[in-house]
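File shown: target.cif. Contents: mmCIF, C-alpha atoms.
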```cif
data_model
#
loop_
_atom_site.label_atom_id
_atom_site.label_comp_id
_atom_site.auth_asym_id
_atom_site.auth_seq_id
_atom_site.Cartn_x
_atom_site.Cartn_y
_atom_site.Cartn_z
CA MET L 299 37.15 -2.46 2.02
CA GLU L 300 36.89 -6.24 2.08
CA SER L 301 34.11 -8.47 0.77
CA ILE L 302 31.16 -9.25 3.02
CA THR L 303 29.08 -12.41 2.82
CA ARG L 304 25.66 -12.66 4.45
CA LYS L 305 23.20 -15.52 4.72
CA ALA L 306 19.77 -14.66 3.31
CA TYR L 307 17.18 -16.93 4.94
CA ALA L 308 13.95 -18.08 3.29
CA LYS L 309 10.57 -17.64 4.95
CA ILE L 310 7.43 -19.74 5.09
CA ASN L 311 3.85 -18.69 5.77
CA LEU L 312 2.18 -20.46 8.65
CA SER L 313 -0.94 -18.58 7.60
CA LEU L 314 -1.87 -16.10 4.90
CA ASP L 315 -5.06 -14.06 4.79
CA VAL L 316 -6.09 -11.33 2.35
CA THR L 317 -8.19 -8.78 4.23
CA GLY L 318 -8.90 -6.02 1.70
CA LYS L 319 -7.77 -3.95 -1.25
CA LEU L 320 -6.44 -0.40 -1.15
CA PRO L 321 -7.27 2.34 -3.69
CA ASN L 322 -3.71 2.08 -5.06
CA GLY L 323 -4.33 -1.56 -5.99
CA TYR L 324 -2.29 -3.12 -3.20
CA HIS L 325 -3.98 -5.80 -1.10
CA THR L 326 -3.93 -5.78 2.67
CA VAL L 327 -2.91 -9.00 4.36
CA ARG L 328 -2.69 -10.65 7.75
CA MET L 329 -0.19 -13.46 7.88
CA LEU L 330 2.19 -15.31 10.14
CA MET L 331 5.68 -15.87 8.77
CA ASP L 332 8.76 -17.63 10.07
CA SER L 333 12.37 -17.89 8.93
CA ILE L 334 13.78 -21.29 8.04
CA THR L 335 17.32 -22.60 7.74
CA LEU L 336 17.30 -22.72 3.93
CA TYR L 337 19.40 -19.76 2.76
CA ASP L 338 21.22 -18.06 -0.10
CA ASP L 339 24.76 -16.68 0.20
CA VAL L 340 25.03 -13.01 -0.77
CA THR L 341 28.59 -11.70 -1.21
CA LEU L 342 29.30 -7.99 -1.69
CA THR L 343 32.67 -6.99 -3.15
CA PRO L 344 33.60 -3.32 -3.62
CA ASN L 345 35.63 -2.42 -6.71
CA THR L 346 36.44 0.56 -8.93
CA SER L 347 34.21 -0.28 -11.90
CA ARG L 348 31.77 2.60 -11.22
CA CYS L 349 29.03 0.01 -11.82
CA ILE L 350 26.83 -2.30 -9.77
CA THR L 351 27.03 -5.80 -11.20
CA LEU L 352 25.63 -9.17 -10.18
CA SER L 353 26.51 -12.80 -10.86
CA CYS L 354 24.61 -15.93 -9.85
CA ASP L 355 25.19 -19.65 -9.99
CA ARG L 356 21.70 -20.17 -11.46
CA SER L 357 21.46 -19.13 -15.11
CA TYR L 358 17.73 -18.38 -14.94
CA ILE L 359 18.17 -15.66 -12.28
CA PRO L 360 18.23 -12.16 -13.85
CA THR L 361 21.43 -10.22 -13.20
CA ASP L 362 20.22 -6.73 -14.18
CA ASP L 363 17.75 -4.28 -12.61
CA ARG L 364 15.06 -6.96 -12.60
CA ASN L 365 16.91 -8.48 -9.64
CA LEU L 366 15.88 -7.00 -6.30
CA ALA L 367 19.44 -7.32 -5.01
CA VAL L 368 20.70 -4.88 -7.67
CA ARG L 369 17.82 -2.50 -6.99
CA ALA L 370 18.49 -2.69 -3.25
CA ALA L 371 22.12 -1.67 -3.79
CA LYS L 372 21.12 1.25 -6.01
CA LEU L 373 18.54 2.35 -3.46
CA PHE L 374 21.10 2.24 -0.63
CA PHE L 375 23.52 4.51 -2.47
CA ALA L 376 20.71 6.87 -3.54
CA GLU L 377 19.38 7.14 0.03
CA THR L 378 22.77 7.60 1.65
CA LYS L 379 24.24 9.86 -1.06
CA ILE L 380 27.38 7.71 -0.86
CA ASP L 381 29.37 7.73 -4.08
CA CYS L 382 29.48 4.12 -5.28
CA ALA L 383 32.93 3.52 -6.73
CA GLY L 384 31.74 0.10 -7.83
CA LEU L 385 30.14 -3.03 -6.35
CA HIS L 386 29.80 -6.65 -7.38
CA ILE L 387 27.08 -8.84 -5.87
CA ASP L 388 27.45 -12.60 -6.09
CA LEU L 389 24.50 -14.86 -5.29
CA VAL L 390 24.73 -18.53 -4.45
CA LYS L 391 21.10 -19.61 -4.71
CA ARG L 392 19.55 -22.42 -2.71
CA ILE L 393 16.09 -20.93 -2.26
CA PRO L 394 13.86 -21.79 -5.24
CA ALA L 395 12.80 -18.82 -7.39
CA ALA L 396 9.16 -17.70 -7.74
CA ALA L 397 8.25 -20.15 -5.01
CA GLY L 398 6.48 -18.24 -2.22
CA LEU L 399 9.61 -18.28 -0.04
CA ALA L 400 10.74 -14.63 -0.47
CA GLY L 401 13.95 -15.65 -2.23
CA GLY L 402 14.37 -12.34 -4.05
CA SER L 403 13.28 -10.24 -1.08
CA THR L 404 15.66 -11.93 1.34
CA ASP L 405 18.59 -11.39 -1.05
CA ALA L 406 17.69 -7.69 -1.23
CA ALA L 407 17.49 -7.52 2.57
CA ALA L 408 20.95 -9.09 2.81
CA VAL L 409 22.31 -6.46 0.42
CA LEU L 410 20.90 -3.62 2.52
CA LYS L 411 22.32 -5.08 5.73
CA GLY L 412 25.64 -5.87 4.09
CA LEU L 413 26.08 -2.36 2.68
CA ASP L 414 25.09 -0.84 6.02
CA GLN L 415 27.90 -2.91 7.58
CA MET L 416 30.37 -2.22 4.78
CA TYR L 417 29.96 1.55 4.84
CA GLY L 418 29.45 1.89 8.60
CA THR L 419 26.18 3.78 8.25
CA ARG L 420 24.74 1.97 11.29
CA PHE L 421 21.13 2.49 10.30
CA SER L 422 18.44 1.33 12.70
CA LEU L 423 16.36 -1.66 11.67
CA GLU L 424 13.43 0.74 11.32
CA LYS L 425 15.39 2.87 8.84
CA LEU L 426 16.41 -0.17 6.80
CA CYS L 427 12.80 -1.37 6.75
CA LYS L 428 11.62 2.02 5.46
CA MET L 429 14.18 1.67 2.71
CA GLY L 430 13.28 -1.92 1.92
CA VAL L 431 9.52 -1.46 1.67
CA GLN L 432 10.11 0.87 -1.29
CA LEU L 433 11.19 -2.22 -3.22
CA GLY L 434 8.85 -4.89 -1.86
CA ALA L 435 6.44 -5.57 0.99
CA ASP L 436 8.31 -8.73 2.09
CA ILE L 437 11.67 -6.97 2.52
CA PRO L 438 10.97 -5.46 5.97
CA TYR L 439 10.13 -8.95 7.22
CA CYS L 440 13.29 -10.39 5.66
CA LEU L 441 15.35 -7.69 7.39
CA CYS L 442 13.85 -8.65 10.77
CA GLY L 443 13.38 -12.41 10.39
CA GLY L 444 12.00 -14.64 13.11
CA THR L 445 8.32 -15.27 13.83
CA MET L 446 6.19 -12.28 12.86
CA LEU L 447 2.56 -11.31 12.41
CA ALA L 448 2.57 -9.15 9.27
CA GLU L 449 -0.27 -6.75 8.52
CA GLY L 450 -0.94 -3.79 6.24
CA ILE L 451 0.63 -4.70 2.91
CA GLY L 452 3.02 -6.89 4.87
CA GLU L 453 5.19 -4.16 6.36
CA LYS L 454 3.53 -3.82 9.79
CA LEU L 455 5.32 -6.42 11.88
CA THR L 456 4.60 -7.74 15.37
CA PRO L 457 7.00 -10.27 16.94
CA ILE L 458 5.35 -13.53 18.04
CA PRO L 459 6.94 -16.33 20.11
CA ALA L 460 8.74 -18.86 17.94
CA PRO L 461 7.00 -22.16 17.22
CA PRO L 462 8.13 -25.40 18.83
CA GLN L 463 11.03 -26.82 16.84
CA ALA L 464 10.03 -29.16 14.03
CA HIS L 465 11.43 -30.80 10.94
CA ILE L 466 10.17 -29.12 7.78
CA VAL L 467 9.94 -30.69 4.33
CA LEU L 468 9.59 -28.16 1.50
CA CYS L 469 8.60 -29.13 -2.02
CA LYS L 470 8.32 -26.83 -5.03
CA PRO L 471 6.59 -28.48 -7.98
CA ASP L 472 7.85 -27.84 -11.48
CA PHE L 473 5.86 -24.70 -12.25
CA SER L 474 5.86 -21.09 -11.09
CA VAL L 475 3.02 -18.79 -10.08
CA SER L 476 2.27 -15.18 -11.02
CA THR L 477 1.67 -13.39 -7.71
CA PRO L 478 -0.39 -10.56 -9.32
CA ASP L 479 -2.61 -13.16 -11.01
CA VAL L 480 -3.27 -14.89 -7.68
CA TYR L 481 -4.09 -11.62 -5.92
CA ALA L 482 -6.49 -10.75 -8.76
CA LYS L 483 -8.53 -13.79 -7.71
CA MET L 484 -8.70 -12.80 -4.03
CA ASN L 485 -11.89 -10.75 -4.53
CA GLY L 486 -10.52 -7.87 -2.46
CA GLY L 487 -10.43 -10.07 0.64
CA ASN L 488 -14.14 -10.98 0.43
CA LEU L 489 -13.49 -14.70 0.82
CA PRO L 490 -15.67 -17.53 2.16
CA VAL L 491 -12.98 -18.88 4.54
CA HIS L 492 -10.23 -17.10 6.47
CA PRO L 493 -7.43 -18.49 8.65
CA ASP L 494 -7.88 -18.60 12.41
CA THR L 495 -5.04 -16.13 12.82
CA ALA L 496 -5.91 -15.25 16.41
CA GLY L 497 -6.01 -18.94 17.32
CA LEU L 498 -2.69 -19.51 15.60
CA VAL L 499 -1.07 -16.64 17.51
CA ALA L 500 -2.50 -18.05 20.75
CA ALA L 501 -1.12 -21.50 19.93
CA LEU L 502 2.33 -20.02 19.36
CA ARG L 503 2.18 -18.09 22.61
CA MET L 504 1.34 -21.32 24.45
CA GLY L 505 3.90 -23.44 22.59
CA ASP L 506 1.02 -25.60 21.35
CA TYR L 507 2.48 -27.56 18.44
CA ASN L 508 -0.74 -29.42 17.62
CA GLY L 509 -2.72 -26.18 17.75
CA LEU L 510 -0.24 -24.67 15.32
CA CYS L 511 -0.43 -27.60 12.89
CA HIS L 512 -4.23 -27.68 12.89
CA ARG L 513 -4.45 -23.96 12.05
CA LEU L 514 -2.05 -23.79 9.10
CA TYR L 515 -4.05 -22.10 6.32
CA ASN L 516 -3.40 -20.07 3.19
CA VAL L 517 -6.30 -18.47 1.32
CA MET L 518 -4.29 -18.64 -1.91
CA GLU L 519 -3.83 -22.39 -1.80
CA ASN L 520 -7.23 -23.32 -3.22
CA VAL L 521 -6.73 -20.98 -6.19
CA ILE L 522 -3.46 -22.71 -7.10
CA ALA L 523 -4.61 -26.23 -6.22
CA GLN L 524 -7.67 -25.97 -8.46
CA LYS L 525 -5.37 -25.42 -11.44
CA HIS L 526 -2.43 -27.60 -10.39
CA GLU L 527 -3.13 -31.02 -8.88
CA GLU L 528 0.51 -31.26 -7.74
CA ILE L 529 -0.32 -29.21 -4.62
CA GLY L 530 -2.83 -31.76 -3.39
CA HIS L 531 -0.52 -34.61 -4.32
CA ILE L 532 2.39 -33.12 -2.36
CA LYS L 533 0.17 -32.66 0.69
CA ASP L 534 -1.06 -36.26 0.39
CA VAL L 535 2.55 -37.52 0.40
CA LEU L 536 3.46 -35.31 3.37
CA PHE L 537 0.49 -36.51 5.43
CA SER L 538 0.96 -40.14 4.43
CA CYS L 539 4.52 -39.96 5.75
CA GLY L 540 3.38 -38.53 9.08
CA ALA L 541 3.22 -34.74 8.77
CA GLU L 542 1.16 -33.16 11.53
CA GLY L 543 0.33 -30.18 9.31
CA ALA L 544 0.91 -29.03 5.72
CA VAL L 545 0.11 -25.92 3.70
CA MET L 546 1.26 -23.91 0.68
CA SER L 547 3.59 -20.99 1.41
CA GLY L 548 2.95 -17.45 0.14
CA SER L 549 1.56 -17.23 -3.38
CA GLY L 550 3.06 -20.65 -3.98
CA PRO L 551 3.60 -23.11 -5.29
CA THR L 552 6.02 -24.40 -2.62
CA THR L 553 4.17 -26.59 -0.13
CA PHE L 554 5.61 -27.70 3.20
CA GLY L 555 4.88 -30.12 5.99
CA LEU L 556 5.76 -30.02 9.70
CA PHE L 557 7.05 -33.17 11.39
CA ARG L 558 7.89 -33.95 14.99
CA ARG L 559 9.80 -37.10 14.04
CA GLU L 560 12.97 -36.79 12.00
CA GLU L 561 12.53 -40.26 10.52
CA ALA L 562 9.10 -39.34 9.15
CA ALA L 563 10.44 -36.09 7.69
CA LYS L 564 13.28 -37.93 5.98
CA ALA L 565 10.83 -40.46 4.52
CA ALA L 566 8.70 -37.62 3.10
CA TYR L 567 11.79 -35.89 1.75
CA GLU L 568 12.95 -39.06 -0.03
CA ALA L 569 9.49 -39.78 -1.45
CA LEU L 570 9.00 -36.27 -2.83
CA ARG L 571 12.59 -35.93 -4.02
CA ARG L 572 11.99 -38.81 -6.41
CA GLU L 573 9.29 -36.74 -8.13
CA PHE L 574 10.32 -33.14 -7.59
CA THR L 575 13.92 -31.92 -7.82
CA GLU L 576 13.35 -28.87 -5.62
CA THR L 577 12.62 -30.69 -2.37
CA TYR L 578 14.36 -29.69 0.85
CA LEU L 579 14.67 -30.85 4.44
CA THR L 580 14.95 -27.84 6.73
CA ALA L 581 13.83 -26.38 10.08
CA PHE L 582 12.84 -23.15 11.76
CA GLN L 583 15.78 -20.75 11.92
CA VAL L 584 16.61 -19.87 15.54
#
```

If you convert what's in this file into structure tokens, what do you get?
Amino acid sequence: MESITRKAYAKINLSLDVTGKLPNGYHTVRMLMDSITLYDDVTLTPNTSRCITLSCDRSYIPTDDRNLAVRAAKLFFAETKIDCAGLHIDLVKRIPAAAGLAGGSTDAAAVLKGLDQMYGTRFSLEKLCKMGVQLGADIPYCLCGGTMLAEGIGEKLTPIPAPPQAHIVLCKPDFSVSTPDVYAKMNGGNLPVHPDTAGLVAALRMGDYNGLCHRLYNVMENVIAQKHEEIGHIKDVLFSCGAEGAVMSGSGPTTFGLFRREEAAKAAYEALRREFTETYLTAFQV
């Protein structure tokens, strides 16, 4: 068998709402997510080592069982009962780590899809999603991609029409966020303000770009912004350069802005890049 390389696309949250807490400790959510053109390369190479190994071009990325890509490969072989003669996974990372962009989950999704292709198992997307959710709630979304309303713990997905095309400037400030710590402050979904998710879905169905931009909202943003003034500063720069909307993605801290005009997006990118290394100019993935 030959090597297989797959692109693993990042996601952003157009909205994120926490709606409750389950007895098992998981929180229920209602959020709108979309794939963007920022991606990692995931290469799978079969060998005869009798081991599953991983390498990455970023030294801070774990290469053992802490990496979801390794765990995804082990899960695939356990579920299929296929004897793994050996597999090497190589990651070329472009998506920032611990950033609210599903970088680890999308790599794991690429591994599941790549192994399904490599071994000819031809699993349905539903089957792959049932596999993936065992490892993380974002993995089913990463397997599907596109514009989705995610509910439950994130695994119940409903396709939504794609947003009007826009230029997207992403900026991850120089700190990371503990997702469990953020969820611990969500008060079981009993929050004073929630996103207008229904209005956002309606705006997407109508192709209403302004309606989309005005309804971007993430209930986790205030928790992070109260502790880290960089979030507010990034949004100020985005809006001052002409962003029509801006919000933090996922549990953060990456914050993004939507721009109709490419020149405005480039100006925001250049301004933020001078302060924050992990700044990217991207777009919705179609």

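We find CA of Val327 (chain L) and CA of Ile522 (chain L) to be spaced 17.9 Å apart.
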
Find, counting only C-alpha atoms, the residue in L:Ala563, L:Val368, L:Cys440, L:Val431 that gets nearest to Glu453 (chain L).
->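 The closest residue to Glu453 (chain L) is L:Val431.
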
Selection dump of the PyMOL selection byres ((chain L and resi 355-358) around 8), as a ChimeraX atom specification | /L:353-354,359-360,389-391

Apply the PyMOL selection byres ((chain L and resi 364-367) around 7) to the structure shown and report the selected residues as a PyMOL selection string.
-> chain L and resi 360-363+368-371+402-403+405-406+409

Provide the CA of Gly509 (chain L) to CA of Ala496 (chain L) distance in Å, to one decimal place.
->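 Distance reported for this atom pair: 11.5 Å.
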
Determine, for each residue of region 355-415 of chain L having at least one atom at most 12 Å from an atom of region 329-334 of chain L, the closest pair of atoms and their separation in Å to one decimal, counting all atoms listed in the file; order by chain and ascending number, as JSON lines.
```
{"residue": "L:Ile393", "atom": "CA", "partner": "L:Ile334", "partner_atom": "CA", "distance": 10.6}
{"residue": "L:Gly398", "atom": "CA", "partner": "L:Met331", "partner_atom": "CA", "distance": 11.3}
{"residue": "L:Leu399", "atom": "CA", "partner": "L:Ser333", "partner_atom": "CA", "distance": 9.4}
{"residue": "L:Ala400", "atom": "CA", "partner": "L:Ser333", "partner_atom": "CA", "distance": 10.1}
{"residue": "L:Gly401", "atom": "CA", "partner": "L:Ser333", "partner_atom": "CA", "distance": 11.5}
{"residue": "L:Thr404", "atom": "CA", "partner": "L:Ser333", "partner_atom": "CA", "distance": 10.2}
```

Point-to-point distance from CA of Arg348 (chain L) to CA of Ala383 (chain L), Å rounded to tenths | 4.7 Å

Long-range neighbours of Thr326 (chain L) as number ranges by chain, 12 Å cut-off, all atoms listed in the file, 2 positions minimum in chain | L: 314-324, 328-329, 435, 448-454, 481, 484-488

Could you tell me which residues the PyMOL selection byres ((chain L and resi 413) around 10) returns for this structure, as a PyMOL selection string?
-> chain L and resi 302+342-344+370-371+374-375+385+408-412+414-420

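Between Lys309 (chain L) and the residues L:Gly548, L:Gly543, L:Gly497, L:Gly430, the shortest atom-to-atom distance, using only C-alpha atoms, involves L:Gly548.
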
Shell around Asp494 (chain L) at 10 Å using only C-alpha atoms, local window under 3 positions removed, as a list in words |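 Once the adjacent positions are removed, what remains is Ser313, Leu314, Asp315, Val491, Gly497, Leu498, Val499, Ala500, His512, Arg513, Leu514 and Tyr515 of chain L.
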
So which residues touch Ile458 (chain L) within 8 Å, counting all atoms listed in the file, skipping near sequence neighbours fewer than 2 positions away, as a list in words?
-> Thr445, Met446, Leu447, Thr456, Ala460, Val499, Leu502 and Arg503 of chain L

Missing atoms in region 346-357 of chain L: can you complete it with all heavy atoms, as a JSON list (two decimals), keeping the file's coordinate frame?
```
[["chain", "number", "residue", "atom", "x", "y", "z"],
["L", 346, "THR", "N", 36.32, -0.79, -8.35],
["L", 346, "THR", "CA", 36.44, 0.56, -8.93],
["L", 346, "THR", "C", 35.81, 0.63, -10.32],
["L", 346, "THR", "O", 36.19, 1.45, -11.15],
["L", 346, "THR", "CB", 37.92, 0.97, -9.01],
["L", 346, "THR", "OG1", 38.64, 0.01, -9.79],
["L", 346, "THR", "CG2", 38.54, 1.08, -7.63],
["L", 347, "SER", "N", 34.81, -0.20, -10.57],
["L", 347, "SER", "CA", 34.21, -0.28, -11.90],
["L", 347, "SER", "C", 33.23, 0.86, -12.19],
["L", 347, "SER", "O", 32.81, 1.04, -13.32],
["L", 347, "SER", "CB", 33.46, -1.61, -12.04],
["L", 347, "SER", "OG", 32.34, -1.63, -11.16],
["L", 348, "ARG", "N", 32.81, 1.58, -11.14],
["L", 348, "ARG", "CA", 31.77, 2.60, -11.22],
["L", 348, "ARG", "C", 30.41, 2.01, -11.59],
["L", 348, "ARG", "O", 29.48, 2.74, -11.93],
["L", 348, "ARG", "CB", 32.12, 3.70, -12.23],
["L", 348, "ARG", "CG", 33.49, 4.35, -12.07],
["L", 348, "ARG", "CD", 33.69, 4.99, -10.71],
["L", 348, "ARG", "NE", 32.73, 6.04, -10.41],
["L", 348, "ARG", "CZ", 32.71, 6.75, -9.27],
["L", 348, "ARG", "NH1", 33.61, 6.48, -8.33],
["L", 348, "ARG", "NH2", 31.81, 7.68, -9.06],
["L", 349, "CYS", "N", 30.28, 0.69, -11.48],
["L", 349, "CYS", "CA", 29.03, 0.01, -11.82],
["L", 349, "CYS", "C", 28.61, -0.90, -10.67],
["L", 349, "CYS", "O", 29.43, -1.29, -9.83],
["L", 349, "CYS", "CB", 29.19, -0.85, -13.08],
["L", 349, "CYS", "SG", 29.62, 0.08, -14.55],
["L", 350, "ILE", "N", 27.34, -1.25, -10.66],
["L", 350, "ILE", "CA", 26.83, -2.30, -9.77],
["L", 350, "ILE", "C", 26.51, -3.51, -10.64],
["L", 350, "ILE", "O", 25.66, -3.43, -11.54],
["L", 350, "ILE", "CB", 25.59, -1.83, -9.00],
["L", 350, "ILE", "CG1", 25.94, -0.66, -8.07],
["L", 350, "ILE", "CG2", 24.98, -2.98, -8.20],
["L", 350, "ILE", "CD1", 24.74, -0.01, -7.41],
["L", 351, "THR", "N", 27.20, -4.60, -10.40],
["L", 351, "THR", "CA", 27.03, -5.80, -11.20],
["L", 351, "THR", "C", 26.62, -6.96, -10.31],
["L", 351, "THR", "O", 26.80, -6.93, -9.09],
["L", 351, "THR", "CB", 28.32, -6.15, -11.96],
["L", 351, "THR", "OG1", 29.40, -6.29, -11.02],
["L", 351, "THR", "CG2", 28.67, -5.06, -12.96],
["L", 352, "LEU", "N", 26.08, -8.00, -10.94],
["L", 352, "LEU", "CA", 25.63, -9.17, -10.18],
["L", 352, "LEU", "C", 25.92, -10.43, -10.97],
["L", 352, "LEU", "O", 25.77, -10.47, -12.20],
["L", 352, "LEU", "CB", 24.12, -9.06, -9.88],
["L", 352, "LEU", "CG", 23.51, -10.17, -9.02],
["L", 352, "LEU", "CD1", 22.43, -9.59, -8.10],
["L", 352, "LEU", "CD2", 22.88, -11.28, -9.88],
["L", 353, "SER", "N", 26.35, -11.46, -10.27],
["L", 353, "SER", "CA", 26.51, -12.80, -10.86],
["L", 353, "SER", "C", 25.75, -13.79, -9.98],
["L", 353, "SER", "O", 25.51, -13.55, -8.79],
["L", 353, "SER", "CB", 27.98, -13.19, -10.95],
["L", 353, "SER", "OG", 28.60, -13.19, -9.67],
["L", 354, "CYS", "N", 25.38, -14.92, -10.59],
["L", 354, "CYS", "CA", 24.61, -15.93, -9.85],
["L", 354, "CYS", "C", 24.93, -17.30, -10.42],
["L", 354, "CYS", "O", 25.19, -17.44, -11.63],
["L", 354, "CYS", "CB", 23.11, -15.64, -9.96],
["L", 354, "CYS", "SG", 22.08, -16.78, -9.00],
["L", 355, "ASP", "N", 24.90, -18.30, -9.54],
["L", 355, "ASP", "CA", 25.19, -19.65, -9.99],
["L", 355, "ASP", "C", 24.01, -20.32, -10.68],
["L", 355, "ASP", "O", 24.13, -21.44, -11.16],
["L", 355, "ASP", "CB", 25.67, -20.52, -8.81],
["L", 355, "ASP", "CG", 24.61, -20.68, -7.73],
["L", 355, "ASP", "OD1", 23.70, -19.82, -7.65],
["L", 355, "ASP", "OD2", 24.69, -21.66, -6.97],
["L", 356, "ARG", "N", 22.87, -19.65, -10.75],
["L", 356, "ARG", "CA", 21.70, -20.17, -11.46],
["L", 356, "ARG", "C", 21.45, -19.30, -12.69],
["L", 356, "ARG", "O", 21.19, -18.10, -12.56],
["L", 356, "ARG", "CB", 20.46, -20.16, -10.55],
["L", 356, "ARG", "CG", 20.64, -20.94, -9.25],
["L", 356, "ARG", "CD", 20.75, -22.43, -9.47],
["L", 356, "ARG", "NE", 21.00, -23.15, -8.25],
["L", 356, "ARG", "CZ", 20.05, -23.69, -7.48],
["L", 356, "ARG", "NH1", 18.77, -23.56, -7.82],
["L", 356, "ARG", "NH2", 20.37, -24.35, -6.39],
["L", 357, "SER", "N", 21.51, -19.90, -13.87],
["L", 357, "SER", "CA", 21.46, -19.13, -15.11],
["L", 357, "SER", "C", 20.12, -18.44, -15.34],
["L", 357, "SER", "O", 20.04, -17.46, -16.08],
["L", 357, "SER", "CB", 21.78, -20.05, -16.30],
["L", 357, "SER", "OG", 20.83, -21.11, -16.38]]
```
